[in-house]
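The structure appears below as structure tokens.
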Amino acid sequence: MSLVSEGADFQESLAGTRLAEPSLATVGDYVALMKPRVMSLVVFTALVGLAVAPGSLHPLTGFTALLCIAVGAGAAGALNMWYDADVDAVMTRTARRPVPMGRVRPGEALAFGLTLGSFAVVVFGLLVNWLAAGLLAFTIFFYIVVYTVWLKRSTPQNIVIGGAAGAFPPMIGWAAATGSVSLEPVLLFLIILFWTPPHFWALALYRTEDYARAGVPMLPVVAGDTSTRRQILLYTLILVPLGITPWLFGYTGALYGTTAVVAGAAMVALGWQVLRERRPAERASRNLFAFSILYLFLLFAVLLVERGWGGLIARLAA
Amino acid sequence: MSEQRDDEGIVLTEAQKRARRSRSVAIALALAALVILFYVMTLVKGPGVLIRPI
């Protein structure tokens, strides 16, 4: 099928001739709309924010908070897939998502996302607290309107600013537990914020053609390969000291401090390898992308074990 | 959608009926879970559930 006829099919679909057909979307398609892998990272970081927060919280209230955050993240994923269906359709990594595959219609994804998001925020507010619910609502708004609709297609700084959406969950978890926000969750927010650029730019380095074909101005597409590699190392050099600050500020113990220093050194070493690598080689970029996930997981897991685990057990026992 | 309307207009295929049924079951389960969640959380919070600072 030629590009012209594919375009004509898409226009026909937009004109509504296909909208009259009953949907074939399954429950699995709707689950895929919620980006379950992203959701799991969101829930994990929110759990850490919730667990390290001071004070007492009934376990069921904590469960409700995490459920609302998970559903809110799912809503954001569905709305992102609704808006980005055209971009997803031409990128290898995303072409098999439910909307570009035609299994879920754009209108269905939009309605699903709006319904889930509304339920998540209102239930969060009614059953936990309105500050956390407000932060969740702002996060969904930021991810969809600021990142997806505005920044993603207009600036190579898209994920630098848009990364804030992914950085909010620990702060929301903290707000759910305490009804307030203080310096410690802000530090966790900053760690994820500065982790996002090296993580996504490492991916973009070996997916540059994909992003260029889709017209998404990721840094390697706009500024080039060499500049991106420099920026990756620069952001890594900001990230690593930030990762150590919870220990320097006395919020954590030696285990976290050691983990942050050792894993941070590995991040810098991988960032340096990325800087020295030249296309078409992509091994260093792939290594950094993979290790960056482990890095963030390690920091938050150790934080959970060291600070949050005792708190969680105490809350369950209370 | 009633059988009569199906006869007049769109007739669902077996695959479409299966997909619709699975979606309906999922919605029913989600609503039931929401009812249980509100019930249990009301017990947890006690009579002060509606008295809260905004």
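A note on labels: chains of the structure tokens are A, B, ... as shown, every chain counts residues from 1, and ligands are counted from 1 in their shown order.
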Using only C-alpha atoms, find each residue of stretch 190-209 of chain A with at least one atom at most 6 Å away from an atom of stretch 284-305 of chain A; report its shortest atom-to-atom pair and that distance in Å (one decimal), sort the rows by chain and rising residue number, and return the result as a Markdown table.
| residue | atom | partner | partner_atom | distance |
| --- | --- | --- | --- | --- |
| A:His199 | CA | A:Phe289 | CA | 5.3 |
| A:Ala202 | CA | A:Ser285 | CA | 4.9 |
| A:Leu203 | CA | A:Phe289 | CA | 6.0 |
_Write out as a ChimeraX atom specification the set of residues from stretch 24-125 of chain A that DSSP, computed on the backbone, places in helix (DSSP H, G or I)._
/A:27-33,36-52,59-83,85-90,98-101,106-125
_Using only C-alpha atoms: which of A:Thr236, A:Thr252, A:Thr115, A:Asn129 has the shortest distance to chain B_ = A:Asn129
Identify every residue of chain A that has at least one atom within 8 Å of any atom of chain B, counting only C-alpha atoms, and report the result as a PDB file with all heavy atoms, in the first residue's frame.
ATOM      1  N   GLU A  21     -18.320   2.044  12.873  1.00  0.00           N
ATOM      2  CA  GLU A  21     -18.106   0.622  13.119  1.00  0.00           C
ATOM      3  C   GLU A  21     -17.944   0.351  14.602  1.00  0.00           C
ATOM      4  O   GLU A  21     -17.239   1.086  15.283  1.00  0.00           O
ATOM      5  CB  GLU A  21     -16.847   0.162  12.374  1.00  0.00           C
ATOM      6  CG  GLU A  21     -17.003   0.170  10.877  1.00  0.00           C
ATOM      7  CD  GLU A  21     -15.680  -0.164  10.189  1.00  0.00           C
ATOM      8  OE1 GLU A  21     -14.767  -0.681  10.861  1.00  0.00           O
ATOM      9  OE2 GLU A  21     -15.584   0.108   8.993  1.00  0.00           O
ATOM     10  N   PRO A  22     -18.557  -0.712  15.110  1.00  0.00           N
ATOM     11  CA  PRO A  22     -18.388  -1.051  16.531  1.00  0.00           C
ATOM     12  C   PRO A  22     -16.931  -1.376  16.839  1.00  0.00           C
ATOM     13  O   PRO A  22     -16.212  -1.912  16.002  1.00  0.00           O
ATOM     14  CB  PRO A  22     -19.270  -2.289  16.698  1.00  0.00           C
ATOM     15  CG  PRO A  22     -20.204  -2.253  15.551  1.00  0.00           C
ATOM     16  CD  PRO A  22     -19.470  -1.615  14.435  1.00  0.00           C
ATOM     17  N   SER A  23     -16.536  -1.041  18.067  1.00  0.00           N
ATOM     18  CA  SER A  23     -15.137  -1.215  18.438  1.00  0.00           C
ATOM     19  C   SER A  23     -14.773  -2.676  18.655  1.00  0.00           C
ATOM     20  O   SER A  23     -15.586  -3.476  19.109  1.00  0.00           O
ATOM     21  CB  SER A  23     -14.873  -0.444  19.724  1.00  0.00           C
ATOM     22  OG  SER A  23     -13.563  -0.649  20.146  1.00  0.00           O
ATOM     23  N   LEU A  24     -13.537  -2.990  18.297  1.00  0.00           N
ATOM     24  CA  LEU A  24     -12.999  -4.333  18.552  1.00  0.00           C
ATOM     25  C   LEU A  24     -11.976  -4.286  19.686  1.00  0.00           C
ATOM     26  O   LEU A  24     -11.280  -5.267  19.935  1.00  0.00           O
ATOM     27  CB  LEU A  24     -12.328  -4.877  17.287  1.00  0.00           C
ATOM     28  CG  LEU A  24     -13.204  -5.745  16.388  1.00  0.00           C
ATOM     29  CD1 LEU A  24     -12.494  -6.043  15.084  1.00  0.00           C
ATOM     30  CD2 LEU A  24     -13.578  -7.044  17.083  1.00  0.00           C
ATOM     31  N   ALA A  25     -11.882  -3.134  20.357  1.00  0.00           N
ATOM     32  CA  ALA A  25     -10.868  -2.968  21.406  1.00  0.00           C
ATOM     33  C   ALA A  25     -11.124  -3.934  22.556  1.00  0.00           C
ATOM     34  O   ALA A  25     -12.254  -4.060  23.037  1.00  0.00           O
ATOM     35  CB  ALA A  25     -10.893  -1.532  21.922  1.00  0.00           C
ATOM     36  N   THR A  26     -10.074  -4.610  22.983  1.00  0.00           N
ATOM     37  CA  THR A  26     -10.198  -5.538  24.112  1.00  0.00           C
ATOM     38  C   THR A  26      -9.712  -4.857  25.389  1.00  0.00           C
ATOM     39  O   THR A  26      -9.149  -3.761  25.345  1.00  0.00           O
ATOM     40  CB  THR A  26      -9.344  -6.793  23.870  1.00  0.00           C
ATOM     41  OG1 THR A  26      -7.969  -6.376  23.801  1.00  0.00           O
ATOM     42  CG2 THR A  26      -9.732  -7.498  22.582  1.00  0.00           C
ATOM     43  N   VAL A  27      -9.912  -5.554  26.505  1.00  0.00           N
ATOM     44  CA  VAL A  27      -9.426  -5.022  27.782  1.00  0.00           C
ATOM     45  C   VAL A  27      -7.897  -4.869  27.726  1.00  0.00           C
ATOM     46  O   VAL A  27      -7.334  -3.899  28.235  1.00  0.00           O
ATOM     47  CB  VAL A  27      -9.844  -5.955  28.938  1.00  0.00           C
ATOM     48  CG1 VAL A  27      -9.236  -5.493  30.259  1.00  0.00           C
ATOM     49  CG2 VAL A  27     -11.360  -5.994  29.054  1.00  0.00           C
ATOM     50  N   HIS A  58      -2.623   5.327  57.545  1.00  0.00           N
ATOM     51  CA  HIS A  58      -3.219   3.991  57.545  1.00  0.00           C
ATOM     52  C   HIS A  58      -2.833   3.270  56.251  1.00  0.00           C
ATOM     53  O   HIS A  58      -2.849   3.885  55.181  1.00  0.00           O
ATOM     54  CB  HIS A  58      -4.744   4.105  57.655  1.00  0.00           C
ATOM     55  CG  HIS A  58      -5.399   2.799  57.989  1.00  0.00           C
ATOM     56  ND1 HIS A  58      -5.593   1.816  57.049  1.00  0.00           N
ATOM     57  CD2 HIS A  58      -5.868   2.306  59.164  1.00  0.00           C
ATOM     58  CE1 HIS A  58      -6.179   0.773  57.624  1.00  0.00           C
ATOM     59  NE2 HIS A  58      -6.354   1.047  58.911  1.00  0.00           N
ATOM     60  N   LEU A  60      -4.371   1.300  54.363  1.00  0.00           N
ATOM     61  CA  LEU A  60      -5.377   1.351  53.294  1.00  0.00           C
ATOM     62  C   LEU A  60      -5.392   2.722  52.611  1.00  0.00           C
ATOM     63  O   LEU A  60      -5.639   2.822  51.410  1.00  0.00           O
ATOM     64  CB  LEU A  60      -6.766   1.036  53.856  1.00  0.00           C
ATOM     65  CG  LEU A  60      -7.132  -0.449  53.845  1.00  0.00           C
ATOM     66  CD1 LEU A  60      -8.422  -0.679  54.604  1.00  0.00           C
ATOM     67  CD2 LEU A  60      -7.260  -0.963  52.418  1.00  0.00           C
ATOM     68  N   THR A  61      -5.129   3.766  53.403  1.00  0.00           N
ATOM     69  CA  THR A  61      -5.039   5.104  52.813  1.00  0.00           C
ATOM     70  C   THR A  61      -3.829   5.163  51.879  1.00  0.00           C
ATOM     71  O   THR A  61      -3.893   5.738  50.791  1.00  0.00           O
ATOM     72  CB  THR A  61      -4.928   6.175  53.918  1.00  0.00           C
ATOM     73  OG1 THR A  61      -5.953   5.960  54.871  1.00  0.00           O
ATOM     74  CG2 THR A  61      -5.063   7.568  53.341  1.00  0.00           C
ATOM     75  N   THR A  64      -4.713   3.337  48.761  1.00  0.00           N
ATOM     76  CA  THR A  64      -5.596   4.170  47.928  1.00  0.00           C
ATOM     77  C   THR A  64      -4.789   5.243  47.198  1.00  0.00           C
ATOM     78  O   THR A  64      -5.023   5.509  46.009  1.00  0.00           O
ATOM     79  CB  THR A  64      -6.679   4.838  48.804  1.00  0.00           C
ATOM     80  OG1 THR A  64      -7.368   3.819  49.520  1.00  0.00           O
ATOM     81  CG2 THR A  64      -7.672   5.625  47.972  1.00  0.00           C
ATOM     82  N   LEU A 127     -10.620  10.713  49.383  1.00  0.00           N
ATOM     83  CA  LEU A 127     -10.199   9.661  50.317  1.00  0.00           C
ATOM     84  C   LEU A 127      -8.821   9.895  50.946  1.00  0.00           C
ATOM     85  O   LEU A 127      -8.519   9.298  51.968  1.00  0.00           O
ATOM     86  CB  LEU A 127     -10.200   8.298  49.606  1.00  0.00           C
ATOM     87  CG  LEU A 127     -11.552   7.787  49.090  1.00  0.00           C
ATOM     88  CD1 LEU A 127     -11.408   6.394  48.510  1.00  0.00           C
ATOM     89  CD2 LEU A 127     -12.596   7.781  50.212  1.00  0.00           C
ATOM     90  N   ASN A 129      -6.048  13.257  50.386  1.00  0.00           N
ATOM     91  CA  ASN A 129      -6.088  14.701  50.666  1.00  0.00           C
ATOM     92  C   ASN A 129      -6.014  15.487  49.357  1.00  0.00           C
ATOM     93  O   ASN A 129      -5.548  14.976  48.331  1.00  0.00           O
ATOM     94  CB  ASN A 129      -5.006  15.150  51.679  1.00  0.00           C
ATOM     95  CG  ASN A 129      -3.595  15.075  51.111  1.00  0.00           C
ATOM     96  OD1 ASN A 129      -3.279  15.731  50.122  1.00  0.00           O
ATOM     97  ND2 ASN A 129      -2.739  14.273  51.757  1.00  0.00           N
ATOM     98  N   TRP A 130      -6.458  16.735  49.433  1.00  0.00           N
ATOM     99  CA  TRP A 130      -6.617  17.519  48.202  1.00  0.00           C
ATOM    100  C   TRP A 130      -5.306  18.101  47.690  1.00  0.00           C
ATOM    101  O   TRP A 130      -5.196  18.447  46.524  1.00  0.00           O
ATOM    102  CB  TRP A 130      -7.668  18.611  48.390  1.00  0.00           C
ATOM    103  CG  TRP A 130      -9.045  18.022  48.371  1.00  0.00           C
ATOM    104  CD1 TRP A 130      -9.845  17.772  49.452  1.00  0.00           C
ATOM    105  CD2 TRP A 130      -9.763  17.551  47.224  1.00  0.00           C
ATOM    106  NE1 TRP A 130     -11.013  17.183  49.047  1.00  0.00           N
ATOM    107  CE2 TRP A 130     -10.994  17.036  47.692  1.00  0.00           C
ATOM    108  CE3 TRP A 130      -9.494  17.501  45.861  1.00  0.00           C
ATOM    109  CZ2 TRP A 130     -11.958  16.495  46.836  1.00  0.00           C
ATOM    110  CZ3 TRP A 130     -10.449  16.964  45.001  1.00  0.00           C
ATOM    111  CH2 TRP A 130     -11.661  16.464  45.484  1.00  0.00           C
TER     112      TRP A 130
END
*Name the residues in contact with A:Ala214 at a cut-off of 12 Å, using only C-alpha atoms, excluding same-chain residues fewer than 2 positions from it; report them as a ChimeraX atom specification.*
/A:84-95,152-153,207-212,216-218,221
Keeping only N, CA, C and O atoms, write the selected residues to a file as a short mmCIF file (atom, residue, chain, number, x, y, z; two decimals), in the first residue's frame.
data_model
loop_
_atom_site.label_atom_id
_atom_site.label_comp_id
_atom_site.auth_asym_id
_atom_site.auth_seq_id
_atom_site.Cartn_x
_atom_site.Cartn_y
_atom_site.Cartn_z
N ASP A 84 -0.67 11.64 20.38
CA ASP A 84 0.54 11.32 19.62
C ASP A 84 0.35 10.19 18.61
O ASP A 84 1.34 9.66 18.10
N ALA A 85 -0.89 9.83 18.30
CA ALA A 85 -1.12 8.67 17.42
C ALA A 85 -0.42 8.83 16.07
O ALA A 85 0.11 7.85 15.53
N ASP A 86 -0.40 10.05 15.54
CA ASP A 86 0.24 10.26 14.23
C ASP A 86 1.75 10.06 14.30
O ASP A 86 2.35 9.45 13.41
N VAL A 87 2.36 10.55 15.37
CA VAL A 87 3.80 10.37 15.57
C VAL A 87 4.12 8.90 15.85
O VAL A 87 5.05 8.32 15.29
N ASP A 88 3.31 8.28 16.71
CA ASP A 88 3.53 6.87 17.07
C ASP A 88 3.48 5.97 15.84
O ASP A 88 4.21 4.98 15.75
N ALA A 89 2.60 6.32 14.88
CA ALA A 89 2.40 5.47 13.71
C ALA A 89 3.65 5.35 12.83
O ALA A 89 3.84 4.33 12.17
N VAL A 90 4.51 6.37 12.85
CA VAL A 90 5.69 6.33 11.97
C VAL A 90 6.99 5.99 12.71
O VAL A 90 8.05 5.91 12.11
N MET A 91 6.89 5.77 14.02
CA MET A 91 8.09 5.39 14.78
C MET A 91 8.08 3.89 15.06
O MET A 91 7.07 3.35 15.54
N THR A 92 9.21 3.25 14.79
CA THR A 92 9.30 1.79 14.96
C THR A 92 8.94 1.37 16.38
O THR A 92 8.22 0.39 16.58
N ARG A 93 9.45 2.13 17.37
CA ARG A 93 9.26 1.77 18.77
C ARG A 93 7.79 1.80 19.20
O ARG A 93 7.38 1.08 20.11
N THR A 94 6.98 2.67 18.53
CA THR A 94 5.62 2.91 19.02
C THR A 94 4.54 2.53 18.03
O THR A 94 3.35 2.68 18.34
N ALA A 95 4.94 2.04 16.84
CA ALA A 95 3.96 1.79 15.78
C ALA A 95 2.93 0.72 16.15
O ALA A 95 1.84 0.68 15.57
N LYS A 152 6.85 18.79 23.07
CA LYS A 152 7.41 17.62 22.38
C LYS A 152 7.70 17.90 20.91
O LYS A 152 8.71 17.47 20.37
N ARG A 153 6.81 18.64 20.26
CA ARG A 153 6.96 18.87 18.82
C ARG A 153 7.57 20.23 18.51
O ARG A 153 7.65 20.62 17.34
N ARG A 207 18.04 6.14 18.16
CA ARG A 207 16.73 6.16 17.50
C ARG A 207 16.56 7.47 16.73
O ARG A 207 15.43 7.89 16.49
N THR A 208 17.66 8.11 16.37
CA THR A 208 17.59 9.44 15.76
C THR A 208 16.73 9.44 14.50
O THR A 208 15.90 10.33 14.31
N GLU A 209 16.93 8.43 13.64
CA GLU A 209 16.18 8.38 12.37
C GLU A 209 14.68 8.28 12.64
O GLU A 209 13.87 8.90 11.95
N ASP A 210 14.35 7.50 13.65
CA ASP A 210 12.95 7.32 14.04
C ASP A 210 12.32 8.67 14.38
O ASP A 210 11.24 9.03 13.89
N TYR A 211 13.01 9.43 15.26
CA TYR A 211 12.49 10.73 15.69
C TYR A 211 12.47 11.72 14.52
O TYR A 211 11.52 12.52 14.38
N ALA A 212 13.51 11.68 13.66
CA ALA A 212 13.56 12.60 12.52
C ALA A 212 12.40 12.32 11.57
O ALA A 212 11.74 13.24 11.08
N VAL A 216 9.84 14.79 15.28
CA VAL A 216 9.98 15.19 16.69
C VAL A 216 11.39 15.76 16.88
O VAL A 216 12.38 15.08 16.62
N PRO A 217 11.49 17.03 17.32
CA PRO A 217 12.80 17.68 17.39
C PRO A 217 13.62 17.27 18.62
O PRO A 217 14.00 18.11 19.43
N MET A 218 13.91 15.98 18.73
CA MET A 218 14.77 15.54 19.83
C MET A 218 16.17 16.12 19.61
O MET A 218 16.57 16.40 18.47
N VAL A 221 18.42 15.12 16.71
CA VAL A 221 17.88 15.51 15.40
C VAL A 221 18.20 16.97 15.11
O VAL A 221 18.60 17.32 14.00
#
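For A:Val104, the list of residues within 8 Å, based on only C-alpha atoms and with local chain neighbours fewer than 3 positions off taken out, reads Ser23, Leu24, Ala25, Asp29, Tyr30, Pro98, Val99, Met101, Glu108 and Ala109 of chain A.
Residues within 6 Å of stretch 116-125 of chain A, counting only C-alpha atoms and excluding same-chain residues fewer than 2 positions away, are Cys68, Val71, Gly72, Ala75, Gly113, Leu114, Leu127, Val128, Asn129, Trp130 and Ala133 of chain A.
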*Using only C-alpha atoms, which residues sit within 7 Å of stretch 31-46 of chain A once same-chain residues fewer than 2 positions away are excluded, as a list in words?*
Val27, Gly28, Asp29, Val48, Gly49, Leu50, Leu66, Ile69, Ala70, Ala73, Gly74, Ala75, Gly77, Ala78, Met81, Pro98, Pro169, Pro170, Ile172, Gly173 and Phe300 of chain A
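Separating atom CA of A:Thr178 from atom CA of A:Val52 is a distance of 10.5 Å.
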*asked:* One decimal, in Å: what's the spacing between atom CA of A:Leu270 and atom CA of A:Leu237?
replied: 11.4 Å
*Rounded to one decimal in Å, what is the spacing between atom CA of A:Pro241 and atom CA of A:Arg283?*
25.5 Å
